[in-house]
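Okay, final.txt now, which holds compact mmCIF, C-alpha atoms:
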```txt
# COMPACT_ATOMS: atom_id res chain seq x y z
CA MET A 1 36.48 25.57 43.97
CA GLU A 2 34.42 27.88 46.19
CA HIS A 3 33.98 30.32 43.25
CA HIS A 4 32.79 27.45 41.04
CA SER A 5 30.21 26.47 43.66
CA GLU A 6 28.98 30.07 44.01
CA ALA A 7 28.78 30.44 40.23
CA THR A 8 26.89 27.16 39.92
CA HIS A 9 24.51 28.26 42.67
CA ALA A 10 24.00 31.65 40.98
CA ARG A 11 23.25 29.97 37.63
CA SER A 12 20.83 27.63 39.38
CA LEU A 13 19.04 30.59 40.98
CA LEU A 14 18.92 32.39 37.62
CA ALA A 15 17.51 29.31 35.91
CA SER A 16 14.90 28.97 38.65
CA ALA A 17 13.95 32.63 38.26
CA LEU A 18 13.60 32.20 34.50
CA LEU A 19 11.39 29.17 35.02
CA LEU A 20 9.25 31.21 37.40
CA VAL A 21 8.94 33.99 34.80
CA LEU A 22 8.03 31.53 32.08
CA GLY A 23 5.63 29.76 34.44
CA ALA A 24 4.00 33.06 35.30
CA ILE A 25 3.59 33.83 31.62
CA ALA A 26 2.11 30.41 30.95
CA SER A 27 -0.14 30.18 34.00
CA SER A 28 -1.32 33.71 34.70
CA THR A 29 -1.85 35.04 31.21
CA PRO A 30 -5.25 33.86 30.03
CA ALA A 31 -5.34 32.48 26.51
CA SER A 32 -8.00 35.05 25.60
CA ALA A 33 -5.56 37.84 26.47
CA VAL A 34 -3.06 36.50 24.00
CA GLY A 35 -5.37 35.72 21.17
CA GLY A 36 -5.50 32.10 22.23
CA SER A 37 -2.02 31.41 20.90
CA GLN A 38 -0.05 28.77 22.73
CA SER A 39 3.49 28.38 21.41
CA SER A 40 6.01 25.72 22.17
CA SER A 41 9.08 27.06 23.92
CA GLY A 42 11.32 24.43 22.40
CA ASN A 43 12.26 23.15 25.84
CA GLY A 44 9.27 20.92 26.40
CA GLY A 45 6.99 23.47 28.07
CA GLY A 46 4.37 25.74 26.60
CA VAL A 47 4.80 29.49 26.74
CA THR A 48 1.74 31.64 26.34
CA ALA A 49 2.93 34.85 24.72
CA CYS A 50 1.31 38.23 24.32
CA PRO A 51 0.11 39.52 20.96
CA ARG A 52 2.53 41.44 18.74
CA GLY A 53 3.22 44.86 20.21
CA GLN A 54 2.62 43.74 23.78
CA VAL A 55 4.94 42.34 26.45
CA TYR A 56 4.16 40.37 29.60
CA SER A 57 4.71 42.54 32.67
CA GLN A 58 5.72 40.72 35.83
CA ARG A 59 4.66 43.71 37.92
CA SER A 60 1.06 43.87 36.65
CA ARG A 61 0.93 40.17 35.67
CA GLN A 62 -0.66 40.89 32.32
CA CYS A 63 0.18 41.81 28.75
CA VAL A 64 0.92 45.52 28.39
CA GLN A 65 1.80 47.77 25.48
CA ALA A 66 5.45 47.31 24.59
CA ARG A 67 7.07 50.47 25.94
CA SER A 68 10.55 50.19 27.37
CA GLU A 69 9.88 52.79 30.05
CA VAL A 70 7.22 50.50 31.58
CA LEU A 71 9.39 47.40 31.82
CA THR A 72 12.87 46.68 33.13
CA ASP A 73 15.69 45.63 30.83
CA GLU A 74 15.74 42.24 32.55
CA ASN A 75 12.00 41.74 31.98
CA LEU A 76 12.31 42.74 28.32
CA ALA A 77 15.35 40.52 27.75
CA GLU A 78 13.75 37.47 29.36
CA TYR A 79 10.50 38.01 27.46
CA ALA A 80 12.45 38.37 24.20
CA PHE A 81 14.19 35.07 24.92
CA ALA A 82 10.84 33.40 25.70
CA LEU A 83 9.52 34.65 22.34
CA ALA A 84 12.64 33.27 20.62
CA LYS A 85 12.17 29.88 22.28
CA ALA A 86 8.59 29.99 20.92
CA ASN A 87 10.04 30.57 17.41
CA ARG A 88 8.70 34.14 17.29
CA PHE A 89 12.09 35.51 16.27
CA ASP A 90 11.07 38.80 14.63
CA GLU A 91 8.99 39.75 17.68
CA ALA A 92 11.82 38.64 19.95
CA LEU A 93 14.25 40.94 18.16
CA ASP A 94 11.77 43.84 18.31
CA THR A 95 11.36 43.28 22.05
CA LEU A 96 15.11 43.01 22.62
CA ASN A 97 15.58 46.31 20.75
CA MET A 98 13.61 48.04 23.52
CA VAL A 99 16.27 47.18 26.12
CA GLN A 100 18.11 50.32 27.23
CA ASN A 101 21.52 48.67 27.88
CA LEU A 102 22.23 46.49 24.87
CA GLN A 103 25.83 45.77 25.95
CA THR A 104 25.28 43.13 28.63
CA PRO A 105 26.40 39.50 28.30
CA ARG A 106 22.79 38.25 28.49
CA VAL A 107 21.36 40.71 25.94
CA LEU A 108 24.23 40.07 23.52
CA ASN A 109 23.79 36.31 23.97
CA TYR A 110 20.05 36.52 23.30
CA ARG A 111 20.64 38.77 20.27
CA GLY A 112 23.14 36.21 18.99
CA TYR A 113 20.65 33.38 19.53
CA ILE A 114 17.84 35.23 17.77
CA THR A 115 19.92 36.32 14.78
CA ARG A 116 21.39 32.82 14.44
CA LYS A 117 17.90 31.31 14.46
CA LEU A 118 16.92 33.85 11.77
CA GLY A 119 19.68 32.32 9.61
CA ARG A 120 22.23 35.08 10.19
CA ASN A 121 24.87 32.79 11.69
CA GLU A 122 27.90 35.09 11.26
CA GLU A 123 26.05 38.00 12.85
CA GLY A 124 25.01 35.74 15.72
CA ILE A 125 28.61 34.63 16.26
CA GLY A 126 29.64 38.29 16.45
CA TYR A 127 27.16 38.90 19.26
CA TYR A 128 28.24 35.71 21.05
CA LEU A 129 31.88 36.78 20.92
CA GLN A 130 30.99 40.19 22.38
CA SER A 131 29.11 38.42 25.19
CA VAL A 132 32.06 36.10 25.88
CA ALA A 133 34.39 39.12 26.02
CA LEU A 134 32.19 40.64 28.74
CA ASP A 135 31.72 37.39 30.69
CA PRO A 136 34.05 34.51 29.77
CA ASN A 137 32.36 32.27 32.38
CA TYR A 138 28.84 32.54 30.90
CA THR A 139 28.21 28.92 29.91
CA GLN A 140 24.99 29.45 27.96
CA VAL A 141 26.68 31.80 25.49
CA ARG A 142 29.50 29.30 25.07
CA GLU A 143 26.97 26.57 24.31
CA TYR A 144 25.23 28.71 21.69
CA LEU A 145 28.56 29.83 20.20
CA GLY A 146 29.57 26.17 19.93
CA GLU A 147 26.24 25.33 18.25
CA ALA A 148 26.83 28.13 15.74
CA TYR A 149 30.24 26.64 14.95
CA VAL A 150 28.62 23.20 14.54
CA THR A 151 26.22 24.75 12.01
CA GLN A 152 29.24 26.02 10.08
CA GLY A 153 30.97 22.63 10.26
CA LYS A 154 33.74 24.07 12.46
CA LEU A 155 33.78 21.20 14.93
CA ASP A 156 37.25 22.10 16.21
CA LEU A 157 35.96 25.49 17.38
CA ALA A 158 32.81 23.87 18.79
CA ASN A 159 34.97 21.43 20.76
CA GLU A 160 36.98 24.37 22.17
CA GLN A 161 33.74 25.78 23.57
CA LEU A 162 32.81 22.35 24.92
CA ARG A 163 36.13 22.09 26.77
CA THR A 164 35.61 25.56 28.26
CA ILE A 165 32.10 24.64 29.40
CA GLN A 166 33.49 21.46 30.96
CA ALA A 167 36.03 23.51 32.90
CA LEU A 168 33.28 25.87 34.09
CA CYS A 169 30.51 23.46 35.09
CA GLY A 170 31.59 19.89 34.40
CA THR A 171 30.08 17.33 32.07
CA HIS A 172 26.64 17.08 33.66
CA CYS A 173 25.41 20.63 33.21
CA GLU A 174 22.78 21.28 30.55
CA GLU A 175 25.06 23.49 28.44
CA TYR A 176 27.74 20.79 28.22
CA GLU A 177 25.25 18.04 27.44
CA ASP A 178 23.43 20.05 24.75
CA LEU A 179 26.61 21.10 22.95
CA ALA A 180 28.11 17.60 23.23
CA ASP A 181 24.94 16.19 21.63
CA ALA A 182 25.10 18.75 18.79
CA ILE A 183 28.77 17.94 18.13
CA GLN A 184 28.12 14.21 18.25
CA SER A 185 25.18 14.49 15.83
CA ALA A 186 27.24 16.58 13.41
CA SER A 187 30.18 14.16 13.65
CA ALA A 188 27.90 11.19 12.96
CA ALA A 189 26.41 12.96 9.93
CA VAL A 190 29.89 13.46 8.47
CA ARG A 191 30.80 9.77 8.74
```
Take the structure in the file and write it out as structure tokens.
Amino acid sequence: MEHHSEATHARSLLASALLLVLGAIASSTPASAVGGSQSSSGNGGGVTACPRGQVYSQRSRQCVQARSEVLTDENLAEYAFALAKANRFDEALDTLNMVQNLQTPRVLNYRGYITRKLGRNEEGIGYYLQSVALDPNYTQVREYLGEAYVTQGKLDLANEQLRTIQALCGTHCEEYEDLADAIQSASAAVR
């Protein structure tokens, strides 16, 4: 149980850090620096994103030319995910391609998410499965994998992911709730 608590705490810290990154993008990047574009992140908050070819740098707190040697893999991956949440999938994939180590659970998960949202569901599932193989306890990838199975109508496989998420973080974590809602909506549509 101690490991579960530490993992939950680590995920909470990671989520807080992501919110800080997204908040920094939204609050410290002037709209004029991004061409005035304000995009919805899909999670209720607005994310101000840099113009194509630029990436938000946490170090300099501004949009910079997209060069992987300037930014860390973590910064690039999180920015790519923020672009994806703002429905800027092609740019998100371009940004993710600048990451030096493409074989991490997070990068593979984000690549799966982006390719799935681009309509390439099977390719996305392949990336999700690679991510799960590297970190079987990564609940976000299990949620997204389950959502991909829901899209395919494979509710039995989606429910397997839901049970795994429940074992990892219970029934009140965001990943469990989101996947349960997706499964319930798909089940209701079938009836």
Among the residues A:Pro51, A:Gly126, A:Gly146, A:Gly153, the one that comes closest to Arg88 of chain A [using all atoms listed in the file]: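 Going through A:Pro51, A:Gly126, A:Gly146, A:Gly153 one by one, the smallest distance to Arg88 of chain A is for A:Pro51.
For Tyr79 of chain A, the set of protein, DNA and RNA residues having any atom at most 8 Å away, when counting all atoms listed in the file and skipping those fewer than 2 positions along the same chain, is Val55, Tyr56, Asn75, Leu76, Ala77, Phe81, Ala82, Leu83, Ala92 and Thr95 of chain A.
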Can you spit out the residues from that selection as a CSV table (one decimal), in the frame of the given file, using C-alpha atoms?
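Contents of the output file selection_16.csv:
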```csv
chain,number,residue,atom,x,y,z
A,55,VAL,CA,4.9,42.3,26.4
A,56,TYR,CA,4.2,40.4,29.6
A,75,ASN,CA,12.0,41.7,32.0
A,76,LEU,CA,12.3,42.7,28.3
A,77,ALA,CA,15.4,40.5,27.8
A,81,PHE,CA,14.2,35.1,24.9
A,82,ALA,CA,10.8,33.4,25.7
A,83,LEU,CA,9.5,34.6,22.3
A,92,ALA,CA,11.8,38.6,20.0
A,95,THR,CA,11.4,43.3,22.0
```
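Among the candidate residues A:Tyr176, A:Tyr127, A:Tyr113, A:Tyr138, the one lying nearest to Asn87 of chain A is A:Tyr113, with distances computed using all atoms listed in the file.
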Env of Ser131 of chain A: 7 Å cut, atoms = only C-alpha atoms, seq-sep filter 5 positions within chain, self excluded. Answer as a list of chain:residue names. A:Thr104, A:Pro105, A:Leu108, A:Asn109
Which residues come within 12 Å of Leu118 of chain A, counting only C-alpha atoms, excluding same-chain residues fewer than 6 positions away, as a ChimeraX atom specification? /A:84,87-93,111-112,124
Just the selected residues (C-alpha atoms), exported as an mmCIF file, in the coordinates of the input, please.
```
data_model
loop_
_atom_site.group_PDB
_atom_site.id
_atom_site.type_symbol
_atom_site.label_atom_id
_atom_site.label_comp_id
_atom_site.auth_asym_id
_atom_site.auth_seq_id
_atom_site.Cartn_x
_atom_site.Cartn_y
_atom_site.Cartn_z
ATOM 1 C CA ALA A 84 12.640 33.270 20.620
ATOM 2 C CA ASN A 87 10.040 30.570 17.410
ATOM 3 C CA ARG A 88 8.700 34.140 17.290
ATOM 4 C CA PHE A 89 12.090 35.510 16.270
ATOM 5 C CA ASP A 90 11.070 38.800 14.630
ATOM 6 C CA GLU A 91 8.990 39.750 17.680
ATOM 7 C CA ALA A 92 11.820 38.640 19.950
ATOM 8 C CA LEU A 93 14.250 40.940 18.160
ATOM 9 C CA ARG A 111 20.640 38.770 20.270
ATOM 10 C CA GLY A 112 23.140 36.210 18.990
ATOM 11 C CA GLY A 124 25.010 35.740 15.720
#
```
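Our summary of the geometry notes that atom CA of Val150 of chain A is positioned 6.9 Å from atom CA of Ala186 of chain A.
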I'd like the interatomic distance between atom CA of Asp178 of chain A and atom CA of Cys50 of chain A, to a tenth of an Å. 28.6 Å
Give me the box for segment 118-126 of chain A as AutoDock Vina command-line options, namely the centre and edge lengths in Å to one decimal of a box along x, y and z that holds every listed atom plus 4 Å on each side.
```
--center_x 23.3 --center_y 35.3 --center_z 13.0 --size_x 20.7 --size_y 14.0 --size_z 14.8
```
Which residues are near Asp94 of chain A? Cut-off 10 Å, only C-alpha atoms, ignore same chain within fewer than 4 positions. Put them as a list in words. Arg52, Gly53, Ala66, Ala80, Phe89, Asp90, Met98 and Val99 of chain A
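Nearest to Gly170 of chain A of all the residues A:Thr139, A:Val190, A:Ile183, A:Leu157 is A:Thr139, counting only C-alpha atoms.
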I need the residue nearest Asn121 of chain A from this list: A:Thr151, A:Ser57, A:Asn159, A:Gln184. Use all atoms listed in the file for the distance.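 Of A:Thr151, A:Ser57, A:Asn159, A:Gln184, the one nearest Asn121 of chain A, counting all atoms listed in the file, is A:Thr151.
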Atom CA of Glu123 of chain A and atom CA of Thr164 of chain A are how many Å apart?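 About the pair atom CA of Glu123 of chain A and atom CA of Thr164 of chain A: they are 22.0 Å apart.
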Go through A:Glu78, A:Asp181, A:Glu175, A:Asp73 one by one, measure the shortest atom-to-atom distance of each to Tyr144 of chain A using only C-alpha atoms, and give the residue with the smallest value.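 Among A:Glu78, A:Asp181, A:Glu175, A:Asp73, it is A:Glu175 that comes nearest to Tyr144 of chain A.
Distance check against Leu155 of chain A using all atoms listed in the file: of A:Leu71, A:Ile125, A:Val64, A:Ala180, the minimum falls on A:Ala180.
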Neighbouring residues of Val132 of chain A were defined as those with any atom within 8 Å, considering only C-alpha atoms; residues of the same chain fewer than 3 positions away were excluded. Please report them as a list in words.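 Listing them by chain and then by number gives Pro105, Tyr128, Leu129, Asp135, Pro136, Asn137, Tyr138, Val141 and Arg142 of chain A.
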